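Asks: Before I ask anything, let me first share the structure, which is written out below as structure tokens.
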Amino acid sequence: MSETLVQTAPAAAVETGNGRGLLRFLTCGSVDDGKSTLIGRLLYDSKLIFEDQLASLERDSKRHGTTGDDIDLALLVDGLEAERQQGITIDVAYRFFTTPNRSFIVADTPGHEQYTRNMATGASNADLAVILIDARKGVLTQTRRHSYICSLLGVKHLVLAVNKIDLADYDQAVFDRIVADYMAFARTLGFETITPIPMSARFGDNVYTRSDKLPWFTGPTLIQHLEVIDVESTAAAKPFRFPVQWVNRPNLDFRGFSGTIASGVVRPGDKVVVAASGRETAIERIVTYDGDLAEARAGDAVTLTLKDEVDVARGDLLVPPAARPEVADQFAAHLLWMTDEPLLPGRSYLMRIGTQYSPVKVTALKHKIDVDTLEHLAGRTLALNEIGFCNFSTSTPIAFDPYNDNRETGAFILIDRYTNATVGAGMVSFGLRRAANIHRQSLLVGREERETLNGHKPAGLWFTGLSGSGKSTIANLVERELHDRGVRTFLLDGDNVRHGLNRDLGFSDADRVENVRRVGEVAKLFVEAGVVVLCSFISPFKAERRMARELFAEGEFIEVFVDTPIDDCIARDPKGLYAKALKGEIANFTGVSSPYERPEIAELVLETANTEASASARRVVDDLIRRGTI
Amino acid sequence: MTAHTPTSSFEPQGHGPLAKRPLSAHLRRLEAESIEIIREVAAAFENPVMLYSIGKDSGVMLHLAVKAFYPSKPPFPLLHVDTTWKFQDMIRHRDSIVERYGVDLLIHVNEEGLAKGVNPIASGSSLHTQVMKTEGLKQALDKYGFDAAFGGARRDEEKSRAKERIFSFRSEGHTWDPRNQRPELWRLYNTRIAKGETIRVFPLSNWTELDIWEYTRAEAIPIVPLYLAAERPVVRRNGMLIMRDDNRMPLEPGETEETRWVRFRSLGCYPLSAAVESQATTLDDIIDEMKISRTSERQGRLIDVDESASMEKKKREGYF
């Protein structure tokens with residue numbers, strides 16, 4: 001019998017690190033601030049340096065050390081230098097130590113090169129950051145940079161470690177001045193706690209042991225503070241979020257959804273909805289290997305079963321009906337660029353948010369951020385280690401929370417679709433199109449069913465062109481032909497719509513934009529109803545035509561540019577409008593006193609100068625056949 | 001409708017009756033994070049495998065996998081790359097574990113290396129490990145076309161592991177390029193690979209040796225008896241205590257076998273695993289001993305001291 005059955009031990013044996021659980025933190029500072037020495041001190045004083053390691057440390061200290069006869073603790077950490085020479089320059093090293101009250105994971109990021117990317121990686125999983133300041137130098141540019149990156153990545157708790165206080169004669173005035181400087185700067189960065197501690201990592205003052213050389217300081221030592229700070233209770237207090245990771249289906253009688261609770265608390269009986277589809281059900285059981293649970297909380301890896309057979313797959317987010325995330329296909333976010341090849345707005349990347357992958361594009365780079373001054377800069381692209389604020393567009397709506405509210409559901413990474421490299425890290429700020437508080441009611445009749453009933457696919461045909469270009473004439477001929485072929489159609493005409501839905505709008509630029517927006521939304525409803533909708537609108541601005549286009553799925557929006565020279569339009573002048581406009585009787589008349597921006601990406605361009613309207617209409621119908629719409 | 005009852009579900013034998021104890025907040029967190037990683041691989045890869053080396057870390061990793069998918073079975077097999085020089089106790093333990101958890105086990109031996117007579121005594125630890133372990137592993141991964149392989153390595157084990165990713169990317173041919181590793185932010189692992197590329201996954205990255213033992217005790221996970229102290233026949237060689245597990249290991253002139261109270265902190269091929277003198281006969285004893293221990297666990301691994309930067313080198317070659 002080779003199995004060793006573990007003996008039942010009396011309750012005496014208590015695990016280490018029992019009290020507060022695990023704390024992950026990150027140290028920020030340059031080489032000169034004593035960061036390596038501090039980490040070395042934490043490992044050394046927690047007795048985690050073994051004899052075989054200590055022996056080589058003593059050897060190295062004599063050879064390379066900078067501390068005279070003392071052991072140079074920095075060499076414990078800087079052992080990685082050798083590896084750096086082998087080409088590893090871009091890394092975060094994780095170190096572990098334990099006290100009787102807590103276990104710790106320190107993310108150690110190199111201070112100099114590649115700082116932004118490395119620091120962001122370390123900060124993304126950190127609950128707390130230790131910002132090191134050299135007491136002789138005070139708050140520097142890099143202190144601000146490190147603090148901003150911590151704040152951007154959502155680290156809520158800071159320790160301001162005023163190090164090398166021994167070299168400033170343990171002087172309270174020095175400490176007070178640095179703290180005042182720092183607080184003035186950090187006020188806007190949104191940290192929940194900032195705990196300043198004067199210390200000397202080299203001599204161990206106020207790291208583990210309270211220093212008798214700093215009698216004026218009454219706050220905690222570093223370890224005392226790290227041992228007691230509460231970073232976990234906030235995650236459980238947030239709304240319930242459960243990204244479905246894996247569908248657990250051992251047999252036909254069991255269908256569970258495995259995943260890790262991102263935030264909040266769940267109990268059997270709780271109502272939940274699938275965020276993207278709006279389908280509602282309730283939690284039946286919380287299944288684990290150790291038995292069913294009456295309650296599970298943020299951070300627990302569990303398997304949930306649901307009361308009803310709703311459609312749920314990996315990537316879905318289960319949430320409470322009363323506290324839903326945003327669901328949108330456009331959103332604004334901060335983006336940190338992490339690779340040599342620059343970001344290309346408009347290029348399709350793969351986004352991973354929660355357990356979901358989705359194609360995504362940056363549609364606009366609003367501004368870049370200078371991490372040293374926090375100034376906003378204009379830019380067209382992001383280079384390695386640059387941070388920008390961007391608009392994003394995904395191909396299907398995704399569920400998310402603002403990163404500031406919830407790190408778990410507001411963070412995403414971008415992946416290059418060809419190399420599969422991780423190229424960006426994003427933090428969602430808000431959804432665009434103000435759809436945040438309107439949640440889709442799920443419908444029992446689906447789009448495909450409507451298409452089957454109709455016998456054709458829907459489409460939005462968007463006729464744009466000058467007044468008098470022949471848009472409405474051609475659109476009418478197209479609709480007649482489609483109707484005769486048994487296709488369900490509807491024509492939205494600019495003039496007609498202005499008599500009803502849009503009669504409150506005039507012809508200012510702002511009203512023209514709103515005119516197109518409303519028509520676009522109405523056209524979208526027709527498309528959802530399975531109809532081929534024809535829209536005949538001057539729609540002179542590129543941006544608004546794009547806005548209309550983005551309401552539709554890829555391939556469903558067909559822009560038809562009716563290209564008639566302005567002189568021909570003036571000559572035709574079917575409604576006598578050009579005559580009036582040229583006399584100055586109509587303000588903002590397109591082509592006369594207001595510009596028409598020619599389309600660059602129209603699916604169809606109909607040059608009408610030498611073509612009959614019926615032939616142009618024929619081309620539109622042929623195009624729909626070629627696309628397989630009808 | 002209520003109460004789905006899993007009928008033909010997966011219940012490891014012996015689940016329940018053993019003396020378990022509640023997990024500390026710290027171990028609960030580590031457990032949940034590892035389960036998340038293990039599930040992610042099952043969900044994102046087509047053909048994963050879990051490397052099973054029979055040691056204490058493998059034991060914990062397998063136990064976590066069983067918990068991760070309950071009531072389903074882990075949706076991947078175990079793979080043991082057998083160098084043919086494992087302690088006999090380890091092989092017995094392996095077979096009993098497979099039966100206990102009801103999981104599928106694949107065993108692979110590098111027959112080519114065996115035919116060439118590679119062994120730890122005549123060939124030296126470095127060549128033996130390279131051929132029988134690293135090459136053997138690559139052969140097995142290729143043979144079955146695995147696209148993801150779990151390993152039980154921990155970041156606290158060794159310096160070069162401190163910066164290892166949880167999802168470690170390997171290009172075609174299983175090479176590890178330290179410059180081509182993906183940054184890991186939050187817990188958003190990038191699981192995308194091209195055909196021919198693979199991922200090594202380390203669910204125990206954030207565990208320490210002490211965590212492993214405390215979890216093993218709390219969850220009553222069976223271990224190879226060699227981890228517990230007993231009177232065993234050992235010889236002293238190069239300052240290390242080596243246990244002669246069978247008579248393939250000849251005694252060198254002047255060496256004599258003696259019986260001592262020893263145990264092992266780390267298990268591998270028996271001629272390459274040094275014992276430590278110890279009276280720790282229970283898990284409680286081991287944990288107490290750990291807390292006052294002043295040497296690192298890999299000190300007993302002859303392969304690590306055999307050449308400088310050896311872990312780095314082995315990893316580039318495809319070792320775990």
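Identifiers in the structure tokens: chain A, B, ... in order shown; residue index from 1 per chain; ligand index from 1 in order shown.
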Show me, as a PyMOL selection string, the residues that have an atom within 7 Å of Arg154 (chain B) when counting only C-alpha atoms, minus same-chain residues fewer than 4 positions from it.
Replies: chain B and resi 204-208
Asks: Could you save those same residues with C-alpha atoms as a PDB file, in the first residue's frame?
Replies:
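Below is the file result-v9.pdb, written as the result:
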```pdb
ATOM      1  CA  LEU B 204       0.738  26.419  -9.184  1.00  0.00           C
ATOM      2  CA  SER B 205       2.869  29.439 -10.152  1.00  0.00           C
ATOM      3  CA  ASN B 206       1.899  31.416  -7.060  1.00  0.00           C
ATOM      4  CA  TRP B 207       2.152  28.592  -4.530  1.00  0.00           C
ATOM      5  CA  THR B 208       5.117  28.189  -2.191  1.00  0.00           C
TER       6      THR B 208
END
```
Asks: Leaving out Arg236 (chain B) and any residue of its chain fewer than 5 positions from it, which residues lie within 10 Å of it when counting only C-alpha atoms, given as a ChimeraX atom specification?
Replies: /B:241-243,255-258,274-275
Asks: Can you pull out every residue within 10 Å of Thr394 (chain A), counting only C-alpha atoms, but drop anything in the same chain fewer than 5 positions away, and send it as a ChimeraX atom specification?
Replies: /A:328-331,348-351,358-363
Asks: Kindly give the distance, in Å, that separates CA of Thr409 (chain A) and CA of Thr355 (chain A), rounded to a single decimal.
Replies: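 Taking CA of Thr409 (chain A) as the start and CA of Thr355 (chain A) as the end point, the length is 9.8 Å.
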Asks: Residues within 9 Å of Gln88 (chain B), please, as a list in words. Count only C-alpha atoms; anything in the same chain fewer than 5 positions from it doesn't count.
Replies: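 So the residues in contact are His93, Asp245 and Asp246 of chain B.
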Asks: Once DSSP has gone over the backbone, tell me which residues of region 95-230 of chain B are in alpha helix (DSSP H), as number ranges by chain.
Replies: B: 95-101, 111-115, 125-128, 136-144, 209-218
Asks: Which residues are close to Ile286 (chain B), i.e. within 10 Å by only C-alpha atoms, leaving aside same-chain residues fewer than 6 positions away? Reply as a list of chain:residue names.
Replies: B:Leu210, B:Trp213, B:Glu214, B:Tyr227, B:Leu228, B:Ala229, B:Arg263, B:Arg265, B:Ser278, B:Gln279, B:Ala280, B:Ser293
Asks: Export C-alpha atoms of the chosen residues as a short mmCIF file (atom, residue, chain, number, x, y, z; two decimals), in the first residue's frame?
Replies:
```
data_model
loop_
_atom_site.label_atom_id
_atom_site.label_comp_id
_atom_site.auth_asym_id
_atom_site.auth_seq_id
_atom_site.Cartn_x
_atom_site.Cartn_y
_atom_site.Cartn_z
CA LEU B 210 4.83 25.59 2.42
CA TRP B 213 2.29 21.04 2.23
CA GLU B 214 -0.41 22.91 4.10
CA TYR B 227 8.39 12.37 1.71
CA LEU B 228 8.01 11.11 5.27
CA ALA B 229 11.01 10.12 7.35
CA ARG B 263 13.17 11.76 3.94
CA ARG B 265 11.92 17.14 -0.05
CA SER B 278 14.89 13.95 9.33
CA GLN B 279 12.60 12.50 11.97
CA ALA B 280 9.48 14.00 10.40
CA SER B 293 14.27 24.94 7.53
#
```
Asks: Please provide the set of residues having any atom within 8 Å of Glu556 (chain A), restricted to only C-alpha atoms, with same-chain residues fewer than 6 positions apart removed, written as a PyMOL selection string.
Replies: chain A and resi 458-460
Asks: Hey, can you spit out that residue selection with C-alpha atoms as a PDB file, in the first residue's frame?
Replies:
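Just written: out15.pdb:
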```pdb
ATOM      1  CA  PRO A 458     -33.023  42.724 -45.192  1.00  0.00           C
ATOM      2  CA  ALA A 459     -30.818  45.628 -46.245  1.00  0.00           C
ATOM      3  CA  GLY A 460     -30.528  49.370 -45.795  1.00  0.00           C
TER       4      GLY A 460
END
```
Asks: Report as an NGL selection string: the residues of region 7-256 of chain B with a DSSP assignment of strand (DSSP E), based on the backbone of this structure.
Replies: :B and (48-51 or 78-81 or 105-108 or 148-150 or 167-170 or 198-201 or 230-237 or 240-243)
Asks: May I ask for the distance between CA of Ser277 (chain A) and CA of Arg417 (chain A), given in Å to one decimal place?
Replies: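 Distance reported for this atom pair: 26.6 Å.
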Asks: What does the distance from CA of Arg177 (chain A) to CA of Gly34 (chain A) come to in Å, to one decimal?
Replies: 20.0 Å
Asks: For chain B, which residue among A:Cys28, A:Leu252, A:Ile398, A:Leu222 is the nearest when counting only C-alpha atoms?
Replies: A:Leu252
Asks: When distances are computed from only C-alpha atoms, which of B:Glu277, B:Asp285, B:Glu184, B:Glu111 shows the smallest separation from chain A?
Replies: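 Among B:Glu277, B:Asp285, B:Glu184, B:Glu111, it is B:Glu184 that comes nearest to chain A.
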Asks: For Met199 (chain A), find every residue with an atom within 9 Å (counting only C-alpha atoms), except residues of its own chain fewer than 4 positions away, and show them as a list in words.
Replies: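 Returned residues: Ala161, Val162, Asn163, Lys164, Ile165, Asp166, Tyr170, Phe203, Gly204, Asp205, Asn206, Val207, Ser211, Leu214, Thr221 and Leu222 of chain A.
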Asks: A:Glu585, A:Glu192, A:Asp181, A:Asp176: which is nearest Ser151 (chain A), counting only C-alpha atoms?
Replies: A:Glu192
Asks: Kindly indicate which residue among A:Val179, A:Ile229, A:Val519, A:Leu189 lies nearest to Arg545 (chain A), using only C-alpha atoms for the distances.
Replies: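 Checking each of A:Val179, A:Ile229, A:Val519, A:Leu189 against Arg545 (chain A), counting only C-alpha atoms, the winner is A:Val519.
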Asks: Calculated over only C-alpha atoms, which of the candidates B:Arg192, B:Arg100, B:Lys133, B:Arg170 has the smallest distance to chain A?
Replies: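 Residue with the minimum atom-to-atom distance to chain A: B:Arg192.
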